[in-house]
file protein05.csv (CSV, C-alpha atoms and all ligand atoms)
chain,number,residue,atom,x,y,z
B,63,PRO,CA,-11.1,-9.7,5.6
B,64,PRO,CA,-7.2,-9.5,5.6
B,65,SER,CA,-5.3,-9.8,2.3
B,66,PHE,CA,-2.3,-12.1,2.6
B,67,LEU,CA,0.8,-12.2,0.5
B,68,TYR,CA,2.6,-15.3,1.7
B,69,ASP,CA,6.4,-15.9,1.4
B,70,CYS,CA,7.5,-19.4,2.3
B,71,ASP,CA,9.9,-22.4,1.7
B,72,THR,CA,7.3,-25.1,1.3
B,73,GLY,CA,8.1,-27.3,3.6
B,74,VAL,CA,5.8,-29.5,5.8
B,75,ASP,CA,4.7,-26.7,8.2
B,76,ASP,CA,4.5,-24.2,5.4
B,77,ALA,CA,2.3,-26.7,3.6
B,78,LEU,CA,0.0,-27.0,6.6
B,79,THR,CA,0.0,-23.2,6.7
B,80,LEU,CA,-1.2,-23.1,3.1
B,81,LEU,CA,-4.0,-25.4,4.1
B,82,TYR,CA,-5.0,-23.1,7.0
B,83,LEU,CA,-4.9,-20.1,4.6
B,84,ALA,CA,-6.9,-22.0,2.0
B,85,SER,CA,-9.6,-22.7,4.7
B,86,LEU,CA,-9.8,-19.0,5.5
B,87,VAL,CA,-10.0,-18.1,1.8
B,88,ARG,CA,-12.7,-20.7,1.2
B,89,ALA,CA,-14.7,-19.4,4.2
B,90,GLY,CA,-14.4,-15.8,2.9
B,91,GLU,CA,-12.3,-14.9,6.0
B,92,ALA,CA,-9.1,-13.9,4.1
B,93,LYS,CA,-7.8,-13.2,0.6
B,94,LEU,CA,-4.6,-14.8,-0.7
B,95,VAL,CA,-3.2,-12.4,-3.3
B,96,GLY,CA,0.0,-14.2,-4.1
B,97,VAL,CA,2.7,-16.6,-2.8
B,98,GLY,CA,6.5,-16.3,-3.2
B,99,THR,CA,9.0,-19.0,-2.4
B,100,VAL,CA,12.5,-18.9,-1.2
B,101,HIS,CA,15.5,-21.3,-0.5
B,102,GLY,CA,15.3,-22.8,2.9
B,103,ASN,CA,13.6,-26.1,3.6
B,104,ILE,CA,14.2,-26.9,-0.2
B,105,ASP,CA,15.0,-25.0,-3.4
B,106,PRO,CA,12.5,-22.3,-4.4
B,107,LEU,CA,11.3,-24.0,-7.6
B,108,THR,CA,10.4,-27.1,-5.7
B,109,GLY,CA,8.8,-24.9,-3.1
B,110,ALA,CA,6.7,-23.2,-5.7
B,111,LEU,CA,5.5,-26.4,-7.3
B,112,ASN,CA,4.8,-27.8,-3.8
B,113,THR,CA,2.8,-24.6,-3.1
B,114,ILE,CA,0.7,-25.0,-6.2
B,115,ARG,CA,0.2,-28.8,-5.4
B,116,VAL,CA,-1.0,-28.0,-1.9
B,117,LEU,CA,-3.4,-25.2,-3.0
B,118,GLU,CA,-4.8,-27.3,-5.7
B,119,ALA,CA,-5.4,-30.1,-3.2
B,120,ALA,CA,-7.2,-27.6,-1.0
B,121,GLY,CA,-9.5,-26.5,-3.8
B,122,VAL,CA,-7.8,-23.1,-4.3
B,123,HIS,CA,-7.0,-22.3,-8.0
B,124,ALA,CA,-3.2,-21.6,-8.1
B,125,GLY,CA,-0.6,-20.8,-10.7
B,126,ASP,CA,-0.8,-20.0,-14.3
B,127,VAL,CA,-2.8,-22.4,-16.4
B,128,PRO,CA,-2.4,-22.3,-20.2
B,129,HIS,CA,-5.7,-21.0,-21.8
B,130,GLY,CA,-7.3,-20.9,-18.4
B,131,GLU,CA,-8.2,-18.3,-15.7
B,132,PRO,CA,-5.0,-17.5,-13.8
B,133,GLY,CA,-5.1,-18.7,-10.2
B,134,VAL,CA,-3.3,-17.3,-7.1
B,135,PRO,CA,0.1,-16.3,-8.6
B,136,VAL,CA,3.0,-18.3,-7.2
B,137,ALA,CA,6.4,-16.7,-7.8
B,138,VAL,CA,9.8,-18.4,-7.5
B,139,GLY,CA,12.2,-16.3,-5.3
B,140,ALA,CA,15.8,-16.2,-4.2
B,141,ALA,CA,17.7,-19.4,-4.7
B,142,ARG,CA,20.4,-18.5,-2.2
B,143,PRO,CA,21.1,-16.3,0.8
B,144,MET,CA,22.7,-12.8,0.5
B,145,ALA,CA,26.1,-13.6,2.0
B,146,GLN,CA,26.6,-17.3,2.7
B,147,ALA,CA,26.2,-20.7,1.1
B,148,VAL,CA,22.7,-22.3,0.7
B,149,HIS,CA,21.5,-25.1,3.0
B,150,PHE,CA,18.4,-27.2,2.7
B,151,ALA,CA,16.5,-29.0,5.5
B,152,THR,CA,15.6,-32.3,3.8
B,153,ASP,CA,16.2,-34.2,7.1
B,154,TRP,CA,13.1,-32.5,8.5
B,155,HIS,CA,11.0,-32.0,5.3
B,156,GLY,CA,12.1,-34.9,3.0
B,157,THR,CA,13.9,-34.6,-0.3
B,158,ASP,CA,10.7,-33.3,-2.0
B,159,GLY,CA,10.0,-30.9,0.9
B,160,LEU,CA,6.7,-32.7,1.6
B,161,GLY,CA,7.9,-35.7,3.7
B,162,ASP,CA,8.9,-37.7,0.6
B,163,THR,CA,5.3,-38.1,-0.5
B,164,HIS,CA,6.3,-37.3,-4.1
B,165,LEU,CA,3.0,-35.9,-5.2
B,166,PRO,CA,2.2,-35.7,-8.9
B,167,GLU,CA,3.0,-32.5,-10.9
B,168,PRO,CA,0.6,-29.7,-10.3
B,169,VAL,CA,-1.6,-28.3,-13.1
B,170,GLY,CA,-0.7,-24.6,-12.5
B,171,ARG,CA,2.7,-23.2,-13.3
B,172,PRO,CA,4.8,-20.7,-11.4
B,173,ALA,CA,4.6,-17.0,-12.4
B,174,GLY,CA,7.1,-15.4,-14.7
B,175,GLU,CA,8.3,-12.7,-12.2
B,176,SER,CA,10.5,-13.2,-9.2
B,177,ALA,CA,9.1,-13.3,-5.7
B,178,ALA,CA,10.8,-10.0,-4.7
B,179,ALA,CA,9.4,-8.2,-7.8
B,180,GLN,CA,5.9,-9.7,-7.0
B,181,ILE,CA,6.1,-8.2,-3.4
B,182,VAL,CA,6.8,-4.8,-4.8
B,183,ARG,CA,4.2,-5.0,-7.5
B,184,LEU,CA,1.4,-6.2,-5.3
B,185,ALA,CA,2.3,-3.7,-2.5
B,186,ARG,CA,2.1,-0.9,-5.1
B,187,THR,CA,-1.2,-2.2,-6.5
B,188,MET,CA,-2.8,-2.4,-3.0
B,189,PRO,CA,-1.0,0.2,-0.9
B,190,GLY,CA,-1.7,-0.1,2.9
B,191,GLU,CA,-3.8,-3.3,2.5
B,192,LEU,CA,-1.4,-6.3,2.4
B,193,THR,CA,-0.2,-8.4,5.3
B,194,LEU,CA,3.1,-9.9,4.2
B,195,LEU,CA,3.4,-13.3,6.0
B,196,ALA,CA,6.9,-14.8,5.8
B,197,THR,CA,7.7,-18.3,7.1
B,198,GLY,CA,11.0,-19.0,5.4
B,199,PRO,CA,14.3,-17.2,5.2
B,200,LEU,CA,13.9,-13.5,4.6
B,201,THR,CA,15.9,-13.1,1.4
B,202,ASN,CA,12.9,-12.1,-0.8
B,203,LEU,CA,11.8,-9.5,1.7
B,204,GLY,CA,15.3,-8.1,2.0
B,205,ALA,CA,15.6,-8.0,-1.8
B,206,ALA,CA,12.2,-6.3,-2.1
B,207,LEU,CA,13.4,-3.6,0.4
B,208,LEU,CA,16.4,-3.1,-1.9
B,209,LEU,CA,14.2,-2.8,-5.0
B,210,ASP,CA,11.8,-0.2,-3.6
B,211,GLU,CA,12.7,2.0,-0.7
B,212,GLU,CA,9.1,3.0,-0.2
B,213,LEU,CA,8.0,-0.6,0.4
B,214,PRO,CA,7.8,-0.2,4.2
B,215,SER,CA,5.1,2.4,3.9
B,216,LEU,CA,3.1,0.3,1.4
B,217,LEU,CA,2.3,-2.7,3.6
B,218,ARG,CA,-0.2,-3.0,6.4
B,219,GLU,CA,1.9,-5.4,8.4
B,220,VAL,CA,4.8,-7.9,8.1
B,221,VAL,CA,4.4,-11.1,10.1
B,222,VAL,CA,7.5,-13.3,10.4
B,223,MET,CA,8.0,-16.8,11.8
B,224,GLY,CA,11.6,-16.8,13.0
B,225,GLY,CA,14.1,-16.2,15.8
B,226,ALA,CA,14.6,-17.4,19.3
B,227,PHE,CA,15.1,-15.3,22.4
B,228,ASP,CA,14.9,-17.3,25.7
B,229,HIS,CA,14.3,-20.5,23.9
B,230,PRO,CA,17.3,-22.4,22.5
B,231,GLY,CA,17.9,-22.3,18.7
B,232,ASN,CA,16.9,-25.2,16.4
B,233,ILE,CA,19.8,-25.1,14.1
B,234,THR,CA,22.7,-23.9,16.3
B,235,THR,CA,22.6,-23.4,20.1
B,236,HIS,CA,21.1,-19.9,19.7
B,237,ALA,CA,19.9,-19.6,16.1
B,238,GLU,CA,16.6,-20.4,14.6
B,239,ALA,CA,16.5,-21.8,11.0
B,240,ASN,CA,14.7,-19.0,9.1
B,241,ILE,CA,17.0,-16.3,10.5
B,242,TRP,CA,20.2,-18.5,10.3
B,243,HIS,CA,19.6,-19.3,6.6
B,244,ASP,CA,20.0,-15.6,5.8
B,245,PRO,CA,21.0,-13.4,8.7
B,246,GLU,CA,21.8,-10.4,6.5
B,247,ALA,CA,18.4,-10.4,4.9
B,248,ALA,CA,16.7,-10.8,8.3
B,249,ASP,CA,18.6,-7.9,9.7
B,250,LEU,CA,17.5,-5.7,6.8
B,251,VAL,CA,13.9,-6.6,7.6
B,252,PHE,CA,14.2,-5.8,11.3
B,253,ALA,CA,16.0,-2.5,10.5
B,254,ALA,CA,13.2,-1.3,8.1
B,255,ASP,CA,10.5,1.1,9.3
B,256,TRP,CA,7.4,-1.1,9.0
B,257,PRO,CA,5.2,-2.8,11.5
B,258,ILE,CA,6.6,-6.3,12.2
B,259,VAL,CA,5.1,-9.1,14.2
B,260,LEU,CA,7.8,-11.8,15.0
B,261,VAL,CA,6.8,-15.3,16.0
B,262,PRO,CA,9.9,-17.0,17.4
B,263,LEU,CA,10.5,-20.5,18.8
B,264,ASP,CA,9.6,-19.2,22.3
B,265,ALA,CA,6.0,-19.0,21.0
B,266,THR,CA,5.9,-21.9,18.6
B,267,HIS,CA,7.5,-24.7,20.6
B,268,PRO,CA,4.8,-24.7,23.3
B,269,THR,CA,2.2,-25.3,20.6
B,270,ALA,CA,3.7,-28.8,19.7
B,271,VAL,CA,1.0,-31.3,18.8
B,272,HIS,CA,1.2,-34.9,19.9
B,273,ASP,CA,-0.3,-38.3,19.4
B,274,ASP,CA,-3.9,-37.4,20.3
B,275,TRP,CA,-4.0,-34.5,17.8
B,276,LEU,CA,-2.2,-36.5,15.1
B,277,ASP,CA,-4.6,-39.4,15.6
B,278,ARG,CA,-7.6,-37.2,15.3
B,279,LEU,CA,-6.3,-35.9,12.0
B,280,ALA,CA,-5.4,-39.4,10.7
B,281,ALA,CA,-8.9,-40.6,11.6
B,282,HIS,CA,-10.5,-38.0,9.3
B,283,ASP,CA,-10.9,-39.7,6.0
B,284,THR,CA,-10.8,-36.9,3.4
B,285,PRO,CA,-8.0,-36.4,0.7
B,286,VAL,CA,-6.7,-33.2,2.4
B,287,ALA,CA,-6.6,-34.7,5.9
B,288,ARG,CA,-4.9,-37.9,4.5
B,289,PHE,CA,-2.3,-35.7,2.8
B,290,ALA,CA,-1.7,-33.6,6.0
B,291,ALA,CA,-1.4,-36.8,8.0
B,292,ARG,CA,1.1,-38.3,5.6
B,293,ILE,CA,3.4,-35.3,5.5
B,294,LEU,CA,3.2,-35.0,9.3
B,295,GLU,CA,4.2,-38.6,9.7
B,296,PHE,CA,7.7,-37.8,8.2
B,297,TYR,CA,8.0,-34.5,10.2
B,298,ALA,CA,6.9,-36.1,13.5
B,299,ASP,CA,9.6,-38.8,13.0
B,300,ALA,CA,12.2,-36.1,12.6
B,301,TYR,CA,10.8,-34.2,15.7
B,302,THR,CA,10.6,-37.2,18.1
B,303,PRO,CA,14.2,-37.0,19.5
B,304,THR,CA,13.9,-33.2,20.1
B,305,LEU,CA,10.5,-33.4,21.8
B,306,ARG,CA,11.4,-36.7,23.5
B,307,ARG,CA,8.0,-38.1,22.4
B,308,ARG,CA,6.2,-38.3,19.1
B,309,GLY,CA,4.9,-34.9,18.0
B,310,ALA,CA,5.5,-31.9,15.7
B,311,VAL,CA,5.9,-28.2,16.0
B,312,ILE,CA,3.8,-26.5,13.3
B,313,HIS,CA,5.7,-23.2,13.6
B,314,ASP,CA,4.5,-21.5,10.5
B,315,ALA,CA,0.8,-22.0,11.1
B,316,LEU,CA,1.0,-20.2,14.4
B,317,ALA,CA,2.4,-17.1,12.6
B,318,ALA,CA,-0.5,-17.3,10.1
B,319,MET,CA,-3.1,-17.7,12.8
B,320,LEU,CA,-1.7,-14.8,14.9
B,321,ALA,CA,-1.7,-12.7,11.7
B,322,ALA,CA,-5.4,-13.5,11.2
B,323,ASP,CA,-6.3,-13.2,14.9
B,324,PRO,CA,-3.7,-11.3,16.9
B,325,ASP,CA,-5.8,-11.7,20.1
B,326,LEU,CA,-4.6,-15.3,20.4
B,327,GLY,CA,-1.1,-14.1,21.2
B,328,GLU,CA,0.8,-12.4,24.0
B,329,TYR,CA,3.5,-9.9,22.9
B,330,ALA,CA,6.5,-7.9,24.0
B,331,HIS,CA,7.6,-4.8,22.1
B,332,ARG,CA,11.3,-4.5,21.5
B,333,PRO,CA,13.8,-3.6,18.8
B,334,VAL,CA,15.4,-6.7,17.3
B,335,ARG,CA,18.8,-7.2,15.8
B,336,VAL,CA,20.5,-10.2,14.2
B,337,GLU,CA,24.0,-11.2,15.2
B,338,LEU,CA,26.0,-11.2,11.9
B,339,ARG,CA,29.6,-11.8,13.2
B,340,GLY,CA,29.6,-14.1,16.2
B,341,GLU,CA,31.6,-17.3,15.7
B,342,LEU,CA,29.1,-19.3,17.7
B,343,THR,CA,26.1,-17.0,17.5
B,344,ARG,CA,25.8,-15.9,13.8
B,345,GLY,CA,22.1,-15.8,12.9
B,346,THR,CA,20.9,-15.3,16.4
B,347,THR,CA,18.1,-12.8,17.1
B,348,VAL,CA,19.0,-10.3,19.9
B,349,TRP,CA,16.8,-8.0,21.9
B,350,ASP,CA,17.6,-5.8,24.9
B,351,ALA,CA,15.7,-7.6,27.7
B,352,ARG,CA,16.9,-5.2,30.4
B,353,SER,CA,14.1,-3.1,31.9
B,354,LEU,CA,15.8,0.2,30.9
B,355,PRO,CA,14.5,2.7,28.4
B,356,ALA,CA,15.5,1.3,25.0
B,357,GLU,CA,18.7,2.7,23.7
B,358,ASP,CA,18.2,1.1,20.4
B,359,THR,CA,16.6,3.5,17.9
B,360,ARG,CA,15.2,0.8,15.7
B,361,ARG,CA,11.4,0.6,15.6
B,362,PRO,CA,10.2,-2.0,18.2
B,363,VAL,CA,9.1,-5.3,16.8
B,364,LYS,CA,5.9,-6.9,18.3
B,365,VAL,CA,7.3,-10.3,19.4
B,366,ALA,CA,5.0,-13.1,20.3
B,367,VAL,CA,6.0,-14.6,23.6
B,368,GLY,CA,3.0,-16.9,24.1
B,369,SER,CA,-0.3,-17.9,22.6
B,370,ASP,CA,-3.6,-19.7,23.4
B,371,VAL,CA,-2.2,-23.2,22.6
B,372,ALA,CA,-5.5,-25.2,22.9
B,373,GLU,CA,-7.3,-22.7,20.6
B,374,PHE,CA,-4.4,-22.8,18.0
B,375,GLN,CA,-4.4,-26.6,18.0
B,376,GLU,CA,-8.2,-26.9,17.7
B,377,ARG,CA,-8.5,-24.3,15.0
B,378,LEU,CA,-5.7,-25.7,12.9
B,379,LEU,CA,-7.2,-29.2,13.0
B,380,ALA,CA,-10.7,-27.9,12.2
B,381,SER,CA,-9.4,-25.9,9.3
B,382,ILE,CA,-7.6,-28.9,7.7
B,383,MET,CA,-10.8,-31.0,8.3
B,384,SER,CA,-12.9,-28.4,6.6
B,385,LEU,CA,-11.2,-28.7,3.3
C,1,LIG,C1,11.2,-22.8,10.6
C,1,LIG,O1,12.2,-23.5,9.9
C,1,LIG,C2,11.6,-24.3,8.9
C,1,LIG,O2,12.2,-25.5,8.7
C,1,LIG,C3,10.2,-24.4,9.2
C,1,LIG,O3,9.4,-24.5,8.0
C,1,LIG,C4,9.9,-23.1,9.9
C,1,LIG,O4,9.5,-22.1,9.1
C,1,LIG,C5,11.2,-23.2,12.1
C,1,LIG,O5,12.5,-22.9,12.6
C,2,CA,CA,9.0,-22.5,6.7
call {"tool": "encode", "arguments": {"input": "protein05.csv", "output": "structure tokens"}}
result
Amino acid sequence: PPSFLYDCDTGVDDALTLLYLASLVRAGEAKLVGVGTVHGNIDPLTGALNTIRVLEAAGVHAGDVPHGEPGVPVAVGAARPMAQAVHFATDWHGTDGLGDTHLPEPVGRPAGESAAAQIVRLARTMPGELTLLATGPLTNLGAALLLDEELPSLLREVVVMGGAFDHPGNITTHAEANIWHDPEAADLVFAADWPIVLVPLDATHPTAVHDDWLDRLAAHDTPVARFAARILEFYADAYTPTLRRRGAVIHDALAAMLAADPDLGEYAHRPVRVELRGELTRGTTVWDARSLPAEDTRRPVKVAVGSDVAEFQERLLASIMSL
């Protein structure tokens, strides 16, 4: 089974992704070797505590426990981007990052090392084995690349939720949030020589779930399903004006599912760059869409341009209900 190292900004859709990963772990279909958190939806310490809360709720032992067996390590990462001010997305995720549900303190505690150091350490411990799944701004991955120049050869694959190509942005006209929150870090990641799968808004937006899916979740009377339904209530309220009906785009879970089962996606292979200077376009992902031989010498990124929407929605719902 794949071994995941997950980097996120937990976050409603990140939390649902943790539930999906927990269901794979509990079914023996994946390993979760660590989680790192980063600024983005909320600050990284809140994100780490949220991560431990969600994993504990899903029955996965997480964090350090005094005098107990250590669980999945959860490391706090970068508190700010490389070259701009920090911004949080509390309008979308609530002041606690989990839809203002204000869950109690978790039992487990975050690890003593930084998320970037954890990436390097785990990649060195399991060379060639890890899938690094990133669904927040890419500051920790960028910092890890600066810490260890051999990192690209040590990972099996890097799967990133971020960017927008033919789809409009979700934070400016062209820019998607995870890239816009740290464009310099994102460009370092796309410039590195490692196999990247990028899951942009073009792929995630068509997977939006609506009333029928939300109602089926709300009707499932287990603690995990109740928690998922509650955090989604806040998130769906925030999404209603954009979608022009009640619903939610659970971006990060699509990236996780495509990492676990690539056959659910359709892909284009092109080098990707991030606009770092544009007055109106900073933080935008750019690819050369002309049908010419690529002039860009960067290693092509495998960009998801579509997915099996019905299968994604059913599997995500079933995974939450299984916990
Ligand atoms: C991305 O931005 C964040 O708010 C979400 O968690 C997701 O990772 C979507 O643009
Ligand atoms: Ca996220």
call {"tool": "closest_residue", "arguments": {"input": "protein05.csv", "among": "B:Glu118, B:Glu328, B:Asp71, B:Glu373", "to": "ligand CA 2 (chain C)", "atoms": "all atoms listed in the file"}}
result
B:Asp71
call {"tool": "residues_near_ligand", "arguments": {"input": "protein05.csv", "ligand": "ligand CA 2 (chain C)", "cutoff": "7 Å", "atoms": "all atoms listed in the file", "output": "NGL selection string"}}
result
:B and (70-73 or 75-76 or 103 or 197-198 or 314)
call {"tool": "atom_distance", "arguments": {"input": "protein05.csv", "atom1": "CA of Val271 in chain B", "atom2": "CA of Thr304 in chain B"}}
result
13.1 Å
call {"tool": "atom_distance", "arguments": {"input": "protein05.csv", "atom1": "CA of Ala366 in chain B", "atom2": "CA of Ile233 in chain B"}}
result
20.0 Å
call {"tool": "closest_residue", "arguments": {"input": "protein05.csv", "among": "B:Gly98, B:Pro199, B:Gly90, B:Pro128", "to": "ligand LIG 1 (chain C)", "atoms": "only C-alpha atoms and all ligand atoms"}}
result
B:Pro199
call {"tool": "residues_near_ligand", "arguments": {"input": "protein05.csv", "ligand": "ligand LIG 1 (chain C)", "cutoff": "10 Å", "atoms": "all atoms listed in the file", "output": "VMD selection string"}}
result
chain B and resid 70 to 79 102 to 104 150 to 155 159 196 to 199 222 to 226 231 to 233 237 to 243 261 to 263 266 to 267 311 to 315 317
call {"tool": "closest_residue", "arguments": {"input": "protein05.csv", "among": "B:Val169, B:Val138, B:Leu378, B:Met383", "to": "Val116 in chain B", "atoms": "only C-alpha atoms"}}
result
B:Val169
call {"tool": "closest_residue", "arguments": {"input": "protein05.csv", "among": "B:Ala137, B:Thr346, B:Leu195, B:His101", "to": "Leu83 in chain B", "atoms": "all atoms listed in the file"}}
result
B:Leu195
call {"tool": "closest_residue", "arguments": {"input": "protein05.csv", "among": "B:Ala254, B:Val259, B:Val367, B:Ile382", "to": "His282 in chain B", "atoms": "all atoms listed in the file"}}
result
B:Ile382
call {"tool": "atom_distance", "arguments": {"input": "protein05.csv", "atom1": "CA of Ala253 in chain B", "atom2": "CA of Thr187 in chain B"}}
result
24.2 Å
call {"tool": "closest_residue", "arguments": {"input": "protein05.csv", "among": "B:Pro143, B:Gly204, B:Pro362, B:Pro245", "to": "Val336 in chain B", "atoms": "only C-alpha atoms"}}
result
B:Pro245
call {"tool": "residues_around", "arguments": {"input": "protein05.csv", "residues": "range 131-136 of chain B", "least_positions_apart": "2", "cutoff": "9 Å", "atoms": "all atoms listed in the file", "output": "PyMOL selection string"}}
result
chain B and resi 94-99+110-111+113-114+117+122-129+138+170-173+177+180
call {"tool": "residues_near_point", "arguments": {"input": "protein05.csv", "point": "(3.0, -1.1, 1.1)", "cutoff": "6 Å", "atoms": "only C-alpha atoms", "output": "number ranges by chain"}}
result
B: 185, 189-190, 213-217
call {"tool": "residues_around", "arguments": {"input": "protein05.csv", "residues": "range 357-359 of chain B", "least_positions_apart": "5", "cutoff": "12 Å", "atoms": "all atoms listed in the file", "output": "NGL selection string"}}
result
:B and (252-255 or 332-335 or 348-352)
call {"tool": "decode", "arguments": {"input": "protein05.csv", "residues": "range 288-303 of chain B", "atoms": "N, CA and C atoms", "output": "PDB file, in the first residue's frame"}}
result
ATOM      1  N   ARG B 288     -21.286  12.869  11.843  1.00  0.00           N
ATOM      2  CA  ARG B 288     -21.875  14.096  12.424  1.00  0.00           C
ATOM      3  C   ARG B 288     -20.857  15.233  12.409  1.00  0.00           C
ATOM      4  N   PHE B 289     -19.606  14.912  12.752  1.00  0.00           N
ATOM      5  CA  PHE B 289     -18.545  15.917  12.723  1.00  0.00           C
ATOM      6  C   PHE B 289     -18.352  16.435  11.288  1.00  0.00           C
ATOM      7  N   ALA B 290     -18.275  15.516  10.322  1.00  0.00           N
ATOM      8  CA  ALA B 290     -18.070  15.917   8.915  1.00  0.00           C
ATOM      9  C   ALA B 290     -19.238  16.786   8.442  1.00  0.00           C
ATOM     10  N   ALA B 291     -20.453  16.415   8.813  1.00  0.00           N
ATOM     11  CA  ALA B 291     -21.626  17.184   8.387  1.00  0.00           C
ATOM     12  C   ALA B 291     -21.609  18.579   8.991  1.00  0.00           C
ATOM     13  N   ARG B 292     -21.157  18.670  10.241  1.00  0.00           N
ATOM     14  CA  ARG B 292     -21.113  19.986  10.921  1.00  0.00           C
ATOM     15  C   ARG B 292     -20.111  20.923  10.294  1.00  0.00           C
ATOM     16  N   ILE B 293     -18.898  20.412  10.023  1.00  0.00           N
ATOM     17  CA  ILE B 293     -17.885  21.320   9.442  1.00  0.00           C
ATOM     18  C   ILE B 293     -18.282  21.693   8.014  1.00  0.00           C
ATOM     19  N   LEU B 294     -18.960  20.763   7.332  1.00  0.00           N
ATOM     20  CA  LEU B 294     -19.393  21.060   5.964  1.00  0.00           C
ATOM     21  C   LEU B 294     -20.526  22.073   5.920  1.00  0.00           C
ATOM     22  N   GLU B 295     -21.295  22.160   6.986  1.00  0.00           N
ATOM     23  CA  GLU B 295     -22.386  23.128   7.021  1.00  0.00           C
ATOM     24  C   GLU B 295     -21.833  24.550   6.861  1.00  0.00           C
ATOM     25  N   PHE B 296     -20.778  24.842   7.636  1.00  0.00           N
ATOM     26  CA  PHE B 296     -20.138  26.162   7.568  1.00  0.00           C
ATOM     27  C   PHE B 296     -19.553  26.404   6.176  1.00  0.00           C
ATOM     28  N   TYR B 297     -18.852  25.400   5.683  1.00  0.00           N
ATOM     29  CA  TYR B 297     -18.140  25.496   4.400  1.00  0.00           C
ATOM     30  C   TYR B 297     -19.143  25.649   3.248  1.00  0.00           C
ATOM     31  N   ALA B 298     -20.257  24.926   3.321  1.00  0.00           N
ATOM     32  CA  ALA B 298     -21.274  25.016   2.259  1.00  0.00           C
ATOM     33  C   ALA B 298     -21.942  26.391   2.273  1.00  0.00           C
ATOM     34  N   ASP B 299     -22.129  26.972   3.456  1.00  0.00           N
ATOM     35  CA  ASP B 299     -22.661  28.347   3.519  1.00  0.00           C
ATOM     36  C   ASP B 299     -21.737  29.293   2.769  1.00  0.00           C
ATOM     37  N   ALA B 300     -20.414  29.117   3.008  1.00  0.00           N
ATOM     38  CA  ALA B 300     -19.444  29.998   2.353  1.00  0.00           C
ATOM     39  C   ALA B 300     -19.441  29.778   0.841  1.00  0.00           C
ATOM     40  N   TYR B 301     -19.699  28.553   0.398  1.00  0.00           N
ATOM     41  CA  TYR B 301     -19.647  28.220  -1.036  1.00  0.00           C
ATOM     42  C   TYR B 301     -20.898  28.602  -1.822  1.00  0.00           C
ATOM     43  N   THR B 302     -22.015  28.788  -1.119  1.00  0.00           N
ATOM     44  CA  THR B 302     -23.287  28.966  -1.835  1.00  0.00           C
ATOM     45  C   THR B 302     -23.254  30.097  -2.870  1.00  0.00           C
ATOM     46  N   PRO B 303     -22.711  31.301  -2.556  1.00  0.00           N
ATOM     47  CA  PRO B 303     -22.711  32.354  -3.585  1.00  0.00           C
ATOM     48  C   PRO B 303     -21.893  31.974  -4.826  1.00  0.00           C
TER      49      PRO B 303
END
